[in-house]
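Student: Okay, here's the structure, questions in a sec.
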Amino acid sequence: MLTYAAGTIRPAKVLVIGCGVAGLQTIATARRIGAMVEAYDVRPETREQVESLGAKFVDTGVSAAGTGGYARELTDEEKARQAERLAKAVAQCDALITTAAIPGKPAPRIITAEMVAKMKPGAVVVDMAAETGGNVEGTVAGEKVWIHDVLVIGPVNIPSRMPVHASEMYAKNLFNFISPFIQDGALALDWDDEVMAGACLTHAGEVRHAGVKQVLGL
């Protein structure tokens with residue numbers, strides 16, 4: 001917020017949907033440049049993380065905690081309740097950034113065209129889930145489109161915008177995954193390790209993954 005003799009310029013209001021790694025980083029960045037930030041996630045355990053970054057958590061009364069740190073899909077009734085309570089927060093924000101994703105499935109449609117239509121003229125939406133269908137109705141992957149007076153951006157292949165850092169982090173993930181199974185410079189696979197056992201599909205001509213065996217009827 002900036003105050004001058006001619007008046008006060010109020011900070012922008014930013015709403016972040018989805019509070020995983022991308023969402024939390026978005027909150028921190030928006031706060032750092034002076035925005036008033038609200039955030040929402042269907043996983044109630046994210047409230048503490050959101051508030052620790054100085055943002056306000058939007059409570060819709062819907063909980064969809066899933067496995068592996070991701071959210072489960074909502075029922076139709078839960079979606080309706082979520083939409084009703086989110087609509088007000090969406091209408092008041094200047095920038096809406098959505099990051100919600102479900103691994104292996106289309107991105108959940110959280111923001112309707114009706115919600116977008118009620119946003120302020122000149123408001124901006126960045127749908128970071130555009131590649132898998134988008135969280136916002138009307139998002140076009142890889143394009144910038146106007147819905148009424150609101151600019152909706154659907155970025156794709158976001159890691160390519162920061163190739164050096166994306167490559168470094170991917171390489172670090174691979175190293176951390178495989179290094180426990182290297183001993184004295186040689187690969188020593190431990191089939192009692194749930195990470196290794198759960199990640200390996202085949203080995204030495206044998207199908208080892210239970211899920212693959214089930215699909216193949218083995």
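By convention here, the chains of the structure tokens are called A, B, ... in the order presented, each chain's residues are numbered starting at 1, and ligands are numbered starting at 1 in the order presented.
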What lies within 10 Å of Val90 in chain A using only C-alpha atoms, ignoring chain neighbours under 2 positions off, as number ranges by chain?
Tutor: A: 13-17, 38, 83, 85-88, 92-96, 111, 115-120
Student: Identify which of the residues A:Lys144, A:Phe177, A:Ala55, A:Asp76 lies closest to Glu194 in chain A, counting only C-alpha atoms when measuring atom-to-atom distances.
Tutor: A:Phe177
Student: Quick one: DSSP strand (DSSP E) residues in range 134-172 of chain A, as a PDB file with all heavy atoms, in the first residue's frame?
Tutor:
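File produced: states_13.pdb:
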```
ATOM      1  N   LYS A 144      -3.555 -16.715 -24.583  1.00  0.00           N
ATOM      2  CA  LYS A 144      -4.112 -15.668 -23.731  1.00  0.00           C
ATOM      3  C   LYS A 144      -5.463 -15.285 -24.315  1.00  0.00           C
ATOM      4  O   LYS A 144      -5.548 -14.910 -25.487  1.00  0.00           O
ATOM      5  CB  LYS A 144      -3.202 -14.436 -23.695  1.00  0.00           C
ATOM      6  CG  LYS A 144      -1.819 -14.696 -23.115  1.00  0.00           C
ATOM      7  CD  LYS A 144      -0.955 -13.441 -23.174  1.00  0.00           C
ATOM      8  CE  LYS A 144       0.435 -13.700 -22.617  1.00  0.00           C
ATOM      9  NZ  LYS A 144       1.293 -12.485 -22.690  1.00  0.00           N
ATOM     10  N   VAL A 145      -6.522 -15.427 -23.540  1.00  0.00           N
ATOM     11  CA  VAL A 145      -7.858 -15.135 -24.044  1.00  0.00           C
ATOM     12  C   VAL A 145      -8.576 -14.175 -23.101  1.00  0.00           C
ATOM     13  O   VAL A 145      -8.294 -14.137 -21.899  1.00  0.00           O
ATOM     14  CB  VAL A 145      -8.704 -16.423 -24.215  1.00  0.00           C
ATOM     15  CG1 VAL A 145      -8.072 -17.349 -25.236  1.00  0.00           C
ATOM     16  CG2 VAL A 145      -8.859 -17.155 -22.881  1.00  0.00           C
ATOM     17  N   TRP A 146      -9.472 -13.403 -23.665  1.00  0.00           N
ATOM     18  CA  TRP A 146     -10.296 -12.509 -22.859  1.00  0.00           C
ATOM     19  C   TRP A 146     -11.655 -13.138 -22.643  1.00  0.00           C
ATOM     20  O   TRP A 146     -12.306 -13.569 -23.590  1.00  0.00           O
ATOM     21  CB  TRP A 146     -10.460 -11.148 -23.546  1.00  0.00           C
ATOM     22  CG  TRP A 146      -9.225 -10.312 -23.492  1.00  0.00           C
ATOM     23  CD1 TRP A 146      -8.222 -10.258 -24.413  1.00  0.00           C
ATOM     24  CD2 TRP A 146      -8.863  -9.407 -22.442  1.00  0.00           C
ATOM     25  NE1 TRP A 146      -7.243  -9.387 -24.014  1.00  0.00           N
ATOM     26  CE2 TRP A 146      -7.615  -8.831 -22.805  1.00  0.00           C
ATOM     27  CE3 TRP A 146      -9.461  -9.023 -21.239  1.00  0.00           C
ATOM     28  CZ2 TRP A 146      -6.969  -7.902 -22.009  1.00  0.00           C
ATOM     29  CZ3 TRP A 146      -8.814  -8.082 -20.450  1.00  0.00           C
ATOM     30  CH2 TRP A 146      -7.581  -7.537 -20.823  1.00  0.00           C
ATOM     31  N   ILE A 147     -12.049 -13.242 -21.382  1.00  0.00           N
ATOM     32  CA  ILE A 147     -13.398 -13.685 -21.039  1.00  0.00           C
ATOM     33  C   ILE A 147     -14.077 -12.482 -20.402  1.00  0.00           C
ATOM     34  O   ILE A 147     -13.722 -12.082 -19.290  1.00  0.00           O
ATOM     35  CB  ILE A 147     -13.375 -14.885 -20.079  1.00  0.00           C
ATOM     36  CG1 ILE A 147     -12.654 -16.072 -20.732  1.00  0.00           C
ATOM     37  CG2 ILE A 147     -14.788 -15.280 -19.669  1.00  0.00           C
ATOM     38  CD1 ILE A 147     -12.555 -17.306 -19.852  1.00  0.00           C
ATOM     39  N   VAL A 150     -11.824  -9.921 -18.512  1.00  0.00           N
ATOM     40  CA  VAL A 150     -10.790 -10.584 -17.718  1.00  0.00           C
ATOM     41  C   VAL A 150      -9.826 -11.328 -18.642  1.00  0.00           C
ATOM     42  O   VAL A 150     -10.260 -12.080 -19.530  1.00  0.00           O
ATOM     43  CB  VAL A 150     -11.417 -11.578 -16.713  1.00  0.00           C
ATOM     44  CG1 VAL A 150     -10.334 -12.305 -15.924  1.00  0.00           C
ATOM     45  CG2 VAL A 150     -12.359 -10.838 -15.768  1.00  0.00           C
ATOM     46  N   LEU A 151      -8.525 -11.114 -18.446  1.00  0.00           N
ATOM     47  CA  LEU A 151      -7.503 -11.796 -19.242  1.00  0.00           C
ATOM     48  C   LEU A 151      -7.171 -13.131 -18.596  1.00  0.00           C
ATOM     49  O   LEU A 151      -6.758 -13.179 -17.433  1.00  0.00           O
ATOM     50  CB  LEU A 151      -6.242 -10.931 -19.334  1.00  0.00           C
ATOM     51  CG  LEU A 151      -5.056 -11.535 -20.100  1.00  0.00           C
ATOM     52  CD1 LEU A 151      -5.430 -11.804 -21.550  1.00  0.00           C
ATOM     53  CD2 LEU A 151      -3.847 -10.616 -20.014  1.00  0.00           C
ATOM     54  N   VAL A 152      -7.350 -14.223 -19.355  1.00  0.00           N
ATOM     55  CA  VAL A 152      -7.073 -15.569 -18.851  1.00  0.00           C
ATOM     56  C   VAL A 152      -5.877 -16.138 -19.613  1.00  0.00           C
ATOM     57  O   VAL A 152      -5.914 -16.275 -20.837  1.00  0.00           O
ATOM     58  CB  VAL A 152      -8.298 -16.496 -19.017  1.00  0.00           C
ATOM     59  CG1 VAL A 152      -7.976 -17.898 -18.495  1.00  0.00           C
ATOM     60  CG2 VAL A 152      -9.507 -15.912 -18.289  1.00  0.00           C
ATOM     61  N   ILE A 153      -4.826 -16.460 -18.867  1.00  0.00           N
ATOM     62  CA  ILE A 153      -3.575 -16.950 -19.456  1.00  0.00           C
ATOM     63  C   ILE A 153      -3.421 -18.435 -19.131  1.00  0.00           C
ATOM     64  O   ILE A 153      -3.556 -18.839 -17.972  1.00  0.00           O
ATOM     65  CB  ILE A 153      -2.370 -16.162 -18.907  1.00  0.00           C
ATOM     66  CG1 ILE A 153      -2.566 -14.658 -19.153  1.00  0.00           C
ATOM     67  CG2 ILE A 153      -1.065 -16.650 -19.531  1.00  0.00           C
ATOM     68  CD1 ILE A 153      -1.537 -13.786 -18.460  1.00  0.00           C
TER      69      ILE A 153
END
```
Student: List the spatial neighbours of Ala130 in chain A as a tab-separated table (two decimals) with N, CA and C atoms, in the first residue's frame - criterion: any atom at most 6 Å away, only C-alpha atoms, same-chain residues fewer than 4 positions off excluded.
Tutor:
```tsv
chain	number	residue	atom	x	y	z
A	134	GLY	N	-6.99	-27.44	-17.34
A	134	GLY	CA	-7.21	-26.16	-16.66
A	134	GLY	C	-8.16	-26.22	-15.49
A	141	ALA	N	-5.12	-23.74	-23.48
A	141	ALA	CA	-3.71	-24.07	-23.24
A	141	ALA	C	-2.81	-23.37	-24.25
A	154	GLY	N	-3.14	-19.24	-20.15
A	154	GLY	CA	-2.98	-20.69	-19.97
A	154	GLY	C	-1.58	-21.15	-20.34
```
Student: List the neighbours of Met196 in chain A out to 9 Å using only C-alpha atoms; skip same-chain residues closer than 6 positions along the sequence, and give me the result as a PyMOL selection string.
Tutor: chain A and resi 177-178+181+189-190
Student: Measuring between only C-alpha atoms, which one of A:Pro108, A:Asn157, A:Ala5, A:Gly185 shows the shortest distance to Glu131 in chain A?
Tutor: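 Nearest candidate to Glu131 in chain A out of A:Pro108, A:Asn157, A:Ala5, A:Gly185: A:Asn157.
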Student: Name the residues of range 4-217 of chain A that fall into helix (DSSP H, G or I) according to DSSP on the backbone, using the chain letters and numbers of this document, as a tab-separated table (two decimals) with N, CA, C and O atoms, in the first residue's frame.
Tutor:
```
chain	number	residue	atom	x	y	z
A	21	VAL	N	3.42	-27.20	-3.82
A	21	VAL	CA	4.70	-26.50	-3.96
A	21	VAL	C	4.53	-25.22	-4.79
A	21	VAL	O	4.98	-24.15	-4.38
A	22	ALA	N	3.88	-25.32	-5.94
A	22	ALA	CA	3.71	-24.16	-6.82
A	22	ALA	C	2.85	-23.09	-6.14
A	22	ALA	O	3.15	-21.90	-6.21
A	23	GLY	N	1.78	-23.52	-5.48
A	23	GLY	CA	0.89	-22.57	-4.84
A	23	GLY	C	1.55	-21.83	-3.70
A	23	GLY	O	1.40	-20.61	-3.56
A	24	LEU	N	2.30	-22.53	-2.88
A	24	LEU	CA	2.98	-21.89	-1.76
A	24	LEU	C	4.04	-20.91	-2.24
A	24	LEU	O	4.23	-19.84	-1.67
A	25	GLN	N	4.75	-21.27	-3.31
A	25	GLN	CA	5.74	-20.36	-3.87
A	25	GLN	C	5.06	-19.11	-4.44
A	25	GLN	O	5.57	-17.98	-4.32
A	26	THR	N	3.88	-19.32	-5.04
A	26	THR	CA	3.12	-18.19	-5.57
A	26	THR	C	2.69	-17.24	-4.46
A	26	THR	O	2.78	-16.01	-4.58
A	27	ILE	N	2.23	-17.81	-3.35
A	27	ILE	CA	1.83	-17.00	-2.19
A	27	ILE	C	3.01	-16.18	-1.69
A	27	ILE	O	2.90	-14.97	-1.46
A	28	ALA	N	4.16	-16.84	-1.53
A	28	ALA	CA	5.34	-16.16	-1.01
A	28	ALA	C	5.79	-15.03	-1.93
A	28	ALA	O	6.15	-13.93	-1.47
A	29	THR	N	5.73	-15.27	-3.23
A	29	THR	CA	6.15	-14.25	-4.20
A	29	THR	C	5.19	-13.06	-4.19
A	29	THR	O	5.62	-11.90	-4.18
A	30	ALA	N	3.89	-13.35	-4.19
A	30	ALA	CA	2.89	-12.27	-4.17
A	30	ALA	C	3.00	-11.44	-2.89
A	30	ALA	O	2.89	-10.21	-2.93
A	31	ARG	N	3.24	-12.11	-1.78
A	31	ARG	CA	3.40	-11.38	-0.51
A	31	ARG	C	4.66	-10.51	-0.55
A	31	ARG	O	4.66	-9.39	-0.06
A	32	ARG	N	5.70	-11.04	-1.15
A	32	ARG	CA	6.98	-10.33	-1.17
A	32	ARG	C	6.88	-9.02	-1.96
A	32	ARG	O	7.59	-8.06	-1.66
A	46	THR	N	-3.24	-27.77	4.67
A	46	THR	CA	-2.47	-26.68	4.07
A	46	THR	C	-2.74	-25.33	4.73
A	46	THR	O	-2.00	-24.37	4.50
A	47	ARG	N	-3.79	-25.25	5.55
A	47	ARG	CA	-4.12	-23.97	6.18
A	47	ARG	C	-2.94	-23.40	6.95
A	47	ARG	O	-2.60	-22.21	6.83
A	48	GLU	N	-2.29	-24.23	7.75
A	48	GLU	CA	-1.17	-23.76	8.56
A	48	GLU	C	-0.03	-23.25	7.69
A	48	GLU	O	0.60	-22.24	7.99
A	49	GLN	N	0.22	-23.94	6.56
A	49	GLN	CA	1.29	-23.53	5.65
A	49	GLN	C	0.95	-22.18	5.01
A	49	GLN	O	1.81	-21.31	4.88
A	50	VAL	N	-0.30	-22.03	4.60
A	50	VAL	CA	-0.75	-20.78	3.98
A	50	VAL	C	-0.60	-19.61	4.96
A	50	VAL	O	-0.06	-18.55	4.63
A	51	GLU	N	-1.08	-19.82	6.18
A	51	GLU	CA	-1.04	-18.75	7.18
A	51	GLU	C	0.39	-18.43	7.61
A	51	GLU	O	0.69	-17.28	7.97
A	52	SER	N	1.27	-19.42	7.57
A	52	SER	CA	2.67	-19.18	7.94
A	52	SER	C	3.35	-18.25	6.95
A	52	SER	O	4.36	-17.60	7.28
A	76	ASP	N	-20.00	-34.32	-6.53
A	76	ASP	CA	-20.75	-33.21	-7.12
A	76	ASP	C	-21.26	-32.26	-6.04
A	76	ASP	O	-21.27	-31.04	-6.22
A	77	GLU	N	-21.68	-32.82	-4.92
A	77	GLU	CA	-22.18	-31.99	-3.82
A	77	GLU	C	-21.07	-31.13	-3.24
A	77	GLU	O	-21.26	-29.94	-2.96
A	78	GLU	N	-19.88	-31.71	-3.09
A	78	GLU	CA	-18.74	-30.96	-2.57
A	78	GLU	C	-18.32	-29.86	-3.54
A	78	GLU	O	-17.96	-28.76	-3.13
A	79	LYS	N	-18.37	-30.17	-4.84
A	79	LYS	CA	-18.01	-29.18	-5.84
A	79	LYS	C	-18.96	-27.99	-5.79
A	79	LYS	O	-18.54	-26.83	-5.92
A	80	ALA	N	-20.25	-28.26	-5.59
A	80	ALA	CA	-21.24	-27.18	-5.53
A	80	ALA	C	-21.00	-26.29	-4.32
A	80	ALA	O	-21.07	-25.05	-4.41
A	81	ARG	N	-20.70	-26.91	-3.18
A	81	ARG	CA	-20.46	-26.14	-1.96
A	81	ARG	C	-19.17	-25.32	-2.10
A	81	ARG	O	-19.10	-24.16	-1.70
A	82	GLN	N	-18.15	-25.92	-2.70
A	82	GLN	CA	-16.89	-25.24	-2.92
A	82	GLN	C	-17.08	-24.03	-3.83
A	82	GLN	O	-16.60	-22.93	-3.54
A	83	ALA	N	-17.82	-24.21	-4.92
A	83	ALA	CA	-18.04	-23.13	-5.88
A	83	ALA	C	-18.78	-21.96	-5.25
A	83	ALA	O	-18.45	-20.79	-5.49
A	84	GLU	N	-19.78	-22.28	-4.44
A	84	GLU	CA	-20.58	-21.23	-3.81
A	84	GLU	C	-19.74	-20.33	-2.93
A	84	GLU	O	-19.87	-19.10	-2.96
A	85	ARG	N	-18.84	-20.92	-2.16
A	85	ARG	CA	-18.05	-20.15	-1.21
A	85	ARG	C	-16.82	-19.50	-1.84
A	85	ARG	O	-16.30	-18.51	-1.34
A	86	LEU	N	-16.35	-20.07	-2.96
A	86	LEU	CA	-15.21	-19.48	-3.64
A	86	LEU	C	-15.60	-18.28	-4.48
A	86	LEU	O	-14.79	-17.38	-4.72
A	87	ALA	N	-16.84	-18.26	-4.95
A	87	ALA	CA	-17.29	-17.21	-5.88
A	87	ALA	C	-17.03	-15.81	-5.33
A	87	ALA	O	-16.58	-14.92	-6.06
A	88	LYS	N	-17.28	-15.61	-4.06
A	88	LYS	CA	-17.11	-14.29	-3.46
A	88	LYS	C	-15.64	-13.88	-3.47
A	88	LYS	O	-15.30	-12.73	-3.81
A	89	ALA	N	-14.75	-14.80	-3.10
A	89	ALA	CA	-13.32	-14.50	-3.07
A	89	ALA	C	-12.80	-14.21	-4.47
A	89	ALA	O	-11.97	-13.31	-4.66
A	90	VAL	N	-13.28	-14.95	-5.46
A	90	VAL	CA	-12.85	-14.75	-6.84
A	90	VAL	C	-13.28	-13.36	-7.33
A	90	VAL	O	-12.51	-12.65	-7.98
A	91	ALA	N	-14.50	-12.97	-7.02
A	91	ALA	CA	-15.03	-11.69	-7.49
A	91	ALA	C	-14.25	-10.50	-6.93
A	91	ALA	O	-14.18	-9.45	-7.57
A	92	GLN	N	-13.64	-10.66	-5.78
A	92	GLN	CA	-12.95	-9.56	-5.12
A	92	GLN	C	-11.48	-9.44	-5.49
A	92	GLN	O	-10.84	-8.43	-5.20
A	113	ALA	N	-17.06	-20.17	-15.61
A	113	ALA	CA	-17.11	-18.96	-16.43
A	113	ALA	C	-17.94	-17.88	-15.75
A	113	ALA	O	-17.65	-16.69	-15.89
A	114	GLU	N	-18.94	-18.30	-15.00
A	114	GLU	CA	-19.77	-17.34	-14.26
A	114	GLU	C	-18.94	-16.61	-13.22
A	114	GLU	O	-19.09	-15.39	-13.03
A	115	MET	N	-18.05	-17.32	-12.53
A	115	MET	CA	-17.17	-16.67	-11.55
A	115	MET	C	-16.25	-15.66	-12.23
A	115	MET	O	-16.05	-14.55	-11.74
A	116	VAL	N	-15.69	-16.06	-13.37
A	116	VAL	CA	-14.78	-15.18	-14.10
A	116	VAL	C	-15.51	-13.92	-14.55
A	116	VAL	O	-14.98	-12.81	-14.47
A	117	ALA	N	-16.74	-14.08	-14.98
A	117	ALA	CA	-17.53	-12.94	-15.46
A	117	ALA	C	-17.78	-11.91	-14.37
A	117	ALA	O	-17.98	-10.72	-14.66
A	130	ALA	N	-3.25	-25.48	-17.09
A	130	ALA	CA	-3.80	-25.42	-18.45
A	130	ALA	C	-3.48	-26.67	-19.27
A	130	ALA	O	-4.31	-27.13	-20.06
A	131	GLU	N	-2.29	-27.24	-19.09
A	131	GLU	CA	-1.88	-28.39	-19.91
A	131	GLU	C	-2.76	-29.61	-19.70
A	131	GLU	O	-2.91	-30.43	-20.60
A	132	THR	N	-3.35	-29.75	-18.53
A	132	THR	CA	-4.20	-30.91	-18.26
A	132	THR	C	-5.67	-30.54	-18.21
A	132	THR	O	-6.46	-31.20	-17.53
A	158	ILE	N	5.77	-25.10	-18.48
A	158	ILE	CA	6.37	-24.07	-17.62
A	158	ILE	C	7.83	-24.36	-17.29
A	158	ILE	O	8.64	-23.42	-17.25
A	159	PRO	N	8.24	-25.63	-17.06
A	159	PRO	CA	9.67	-25.86	-16.76
A	159	PRO	C	10.61	-25.35	-17.84
A	159	PRO	O	11.76	-25.01	-17.54
A	160	SER	N	10.14	-25.28	-19.09
A	160	SER	CA	11.02	-24.81	-20.18
A	160	SER	C	11.36	-23.34	-20.04
A	160	SER	O	12.29	-22.85	-20.67
A	161	ARG	N	10.61	-22.61	-19.21
A	161	ARG	CA	10.90	-21.20	-19.01
A	161	ARG	C	12.06	-20.99	-18.04
A	161	ARG	O	12.55	-19.87	-17.89
A	163	PRO	N	14.92	-23.51	-17.82
A	163	PRO	CA	15.51	-24.82	-18.14
A	163	PRO	C	16.67	-25.24	-17.27
A	163	PRO	O	16.78	-26.42	-16.93
A	164	VAL	N	17.55	-24.30	-16.91
A	164	VAL	CA	18.72	-24.67	-16.10
A	164	VAL	C	18.28	-25.19	-14.74
A	164	VAL	O	18.69	-26.27	-14.29
A	165	HIS	N	17.42	-24.43	-14.07
A	165	HIS	CA	16.99	-24.82	-12.73
A	165	HIS	C	16.12	-26.08	-12.78
A	165	HIS	O	16.22	-26.95	-11.90
A	166	ALA	N	15.26	-26.20	-13.79
A	166	ALA	CA	14.42	-27.39	-13.92
A	166	ALA	C	15.29	-28.63	-14.11
A	166	ALA	O	15.03	-29.69	-13.52
A	167	SER	N	16.33	-28.51	-14.94
A	167	SER	CA	17.23	-29.64	-15.18
A	167	SER	C	18.01	-30.01	-13.93
A	167	SER	O	18.19	-31.19	-13.62
A	168	GLU	N	18.46	-28.99	-13.20
A	168	GLU	CA	19.20	-29.25	-11.97
A	168	GLU	C	18.33	-29.98	-10.95
A	168	GLU	O	18.78	-30.94	-10.30
A	169	MET	N	17.09	-29.54	-10.80
A	169	MET	CA	16.21	-30.15	-9.81
A	169	MET	C	15.81	-31.57	-10.23
A	169	MET	O	15.72	-32.47	-9.39
A	170	TYR	N	15.59	-31.78	-11.53
A	170	TYR	CA	15.25	-33.12	-12.01
A	170	TYR	C	16.43	-34.07	-11.79
A	170	TYR	O	16.26	-35.20	-11.33
A	171	ALA	N	17.64	-33.58	-12.10
A	171	ALA	CA	18.83	-34.41	-11.90
A	171	ALA	C	19.01	-34.75	-10.42
A	171	ALA	O	19.38	-35.89	-10.07
A	172	LYS	N	18.72	-33.78	-9.54
A	172	LYS	CA	18.86	-34.02	-8.10
A	172	LYS	C	17.86	-35.08	-7.64
A	172	LYS	O	18.18	-35.95	-6.82
A	173	ASN	N	16.64	-35.03	-8.20
A	173	ASN	CA	15.64	-36.05	-7.86
A	173	ASN	C	16.11	-37.43	-8.27
A	173	ASN	O	15.98	-38.41	-7.52
A	174	LEU	N	16.65	-37.55	-9.48
A	174	LEU	CA	17.14	-38.85	-9.96
A	174	LEU	C	18.30	-39.35	-9.11
A	174	LEU	O	18.37	-40.54	-8.76
A	175	PHE	N	19.19	-38.43	-8.74
A	175	PHE	CA	20.33	-38.82	-7.90
A	175	PHE	C	19.86	-39.32	-6.55
A	175	PHE	O	20.32	-40.36	-6.05
A	176	ASN	N	18.94	-38.57	-5.93
A	176	ASN	CA	18.45	-38.97	-4.61
A	176	ASN	C	17.71	-40.30	-4.67
A	176	ASN	O	17.70	-41.06	-3.68
A	177	PHE	N	17.07	-40.58	-5.81
A	177	PHE	CA	16.35	-41.84	-5.95
A	177	PHE	C	17.30	-43.03	-6.07
A	177	PHE	O	17.11	-44.06	-5.42
A	178	ILE	N	18.33	-42.89	-6.88
A	178	ILE	CA	19.17	-44.04	-7.20
A	178	ILE	C	20.37	-44.21	-6.27
A	178	ILE	O	20.88	-45.33	-6.09
A	179	SER	N	20.85	-43.12	-5.64
A	179	SER	CA	22.09	-43.20	-4.86
A	179	SER	C	22.04	-44.20	-3.70
A	179	SER	O	23.08	-44.84	-3.40
A	180	PRO	N	20.90	-44.42	-3.01
A	180	PRO	CA	20.91	-45.42	-1.93
A	180	PRO	C	21.17	-46.84	-2.41
A	180	PRO	O	21.53	-47.72	-1.61
A	181	PHE	N	21.04	-47.06	-3.73
A	181	PHE	CA	21.21	-48.41	-4.25
A	181	PHE	C	22.54	-48.59	-4.98
A	181	PHE	O	22.73	-49.54	-5.74
A	194	GLU	N	10.66	-50.34	-0.19
A	194	GLU	CA	9.36	-50.09	-0.83
A	194	GLU	C	9.45	-49.09	-1.97
A	194	GLU	O	8.64	-49.14	-2.92
A	195	VAL	N	10.41	-48.18	-1.91
A	195	VAL	CA	10.59	-47.22	-3.00
A	195	VAL	C	11.05	-47.94	-4.26
A	195	VAL	O	10.49	-47.77	-5.34
A	196	MET	N	12.07	-48.75	-4.12
A	196	MET	CA	12.59	-49.49	-5.28
A	196	MET	C	11.56	-50.49	-5.80
A	196	MET	O	11.29	-50.57	-7.00
A	197	ALA	N	10.96	-51.24	-4.89
A	197	ALA	CA	9.98	-52.25	-5.30
A	197	ALA	C	8.77	-51.61	-5.97
A	197	ALA	O	8.21	-52.16	-6.92
A	198	GLY	N	8.38	-50.43	-5.49
A	198	GLY	CA	7.20	-49.78	-6.05
A	198	GLY	C	7.46	-49.07	-7.36
A	198	GLY	O	6.53	-48.81	-8.13
A	199	ALA	N	8.74	-48.75	-7.64
A	199	ALA	CA	9.07	-48.02	-8.86
A	199	ALA	C	9.48	-48.92	-10.02
A	199	ALA	O	9.34	-48.54	-11.18
A	210	ALA	N	3.43	-55.04	-8.99
A	210	ALA	CA	2.14	-55.70	-8.76
A	210	ALA	C	1.04	-55.11	-9.65
A	210	ALA	O	0.19	-55.86	-10.18
A	211	GLY	N	1.05	-53.82	-9.84
A	211	GLY	CA	0.03	-53.20	-10.67
A	211	GLY	C	0.12	-53.63	-12.12
A	211	GLY	O	-0.90	-53.87	-12.78
A	212	VAL	N	1.36	-53.72	-12.63
A	212	VAL	CA	1.56	-54.16	-14.01
A	212	VAL	C	1.14	-55.62	-14.16
A	212	VAL	O	0.52	-56.00	-15.16
A	213	LYS	N	1.48	-56.44	-13.18
A	213	LYS	CA	1.08	-57.84	-13.22
A	213	LYS	C	-0.45	-57.98	-13.29
A	213	LYS	O	-0.98	-58.81	-14.03
A	214	GLN	N	-1.13	-57.12	-12.54
A	214	GLN	CA	-2.59	-57.18	-12.54
A	214	GLN	C	-3.16	-56.81	-13.89
A	214	GLN	O	-4.08	-57.45	-14.39
A	215	VAL	N	-2.58	-55.76	-14.50
A	215	VAL	CA	-3.06	-55.32	-15.82
A	215	VAL	C	-2.83	-56.40	-16.86
A	215	VAL	O	-3.68	-56.66	-17.72
A	216	LEU	N	-1.66	-57.07	-16.76
A	216	LEU	CA	-1.31	-58.09	-17.74
A	216	LEU	C	-1.92	-59.45	-17.42
A	216	LEU	O	-1.81	-60.38	-18.21
```
Student: Have a look at CA of Arg208 in chain A and CA of Glu73 in chain A and let me know their distance in Å, one decimal.
Tutor: 29.3 Å
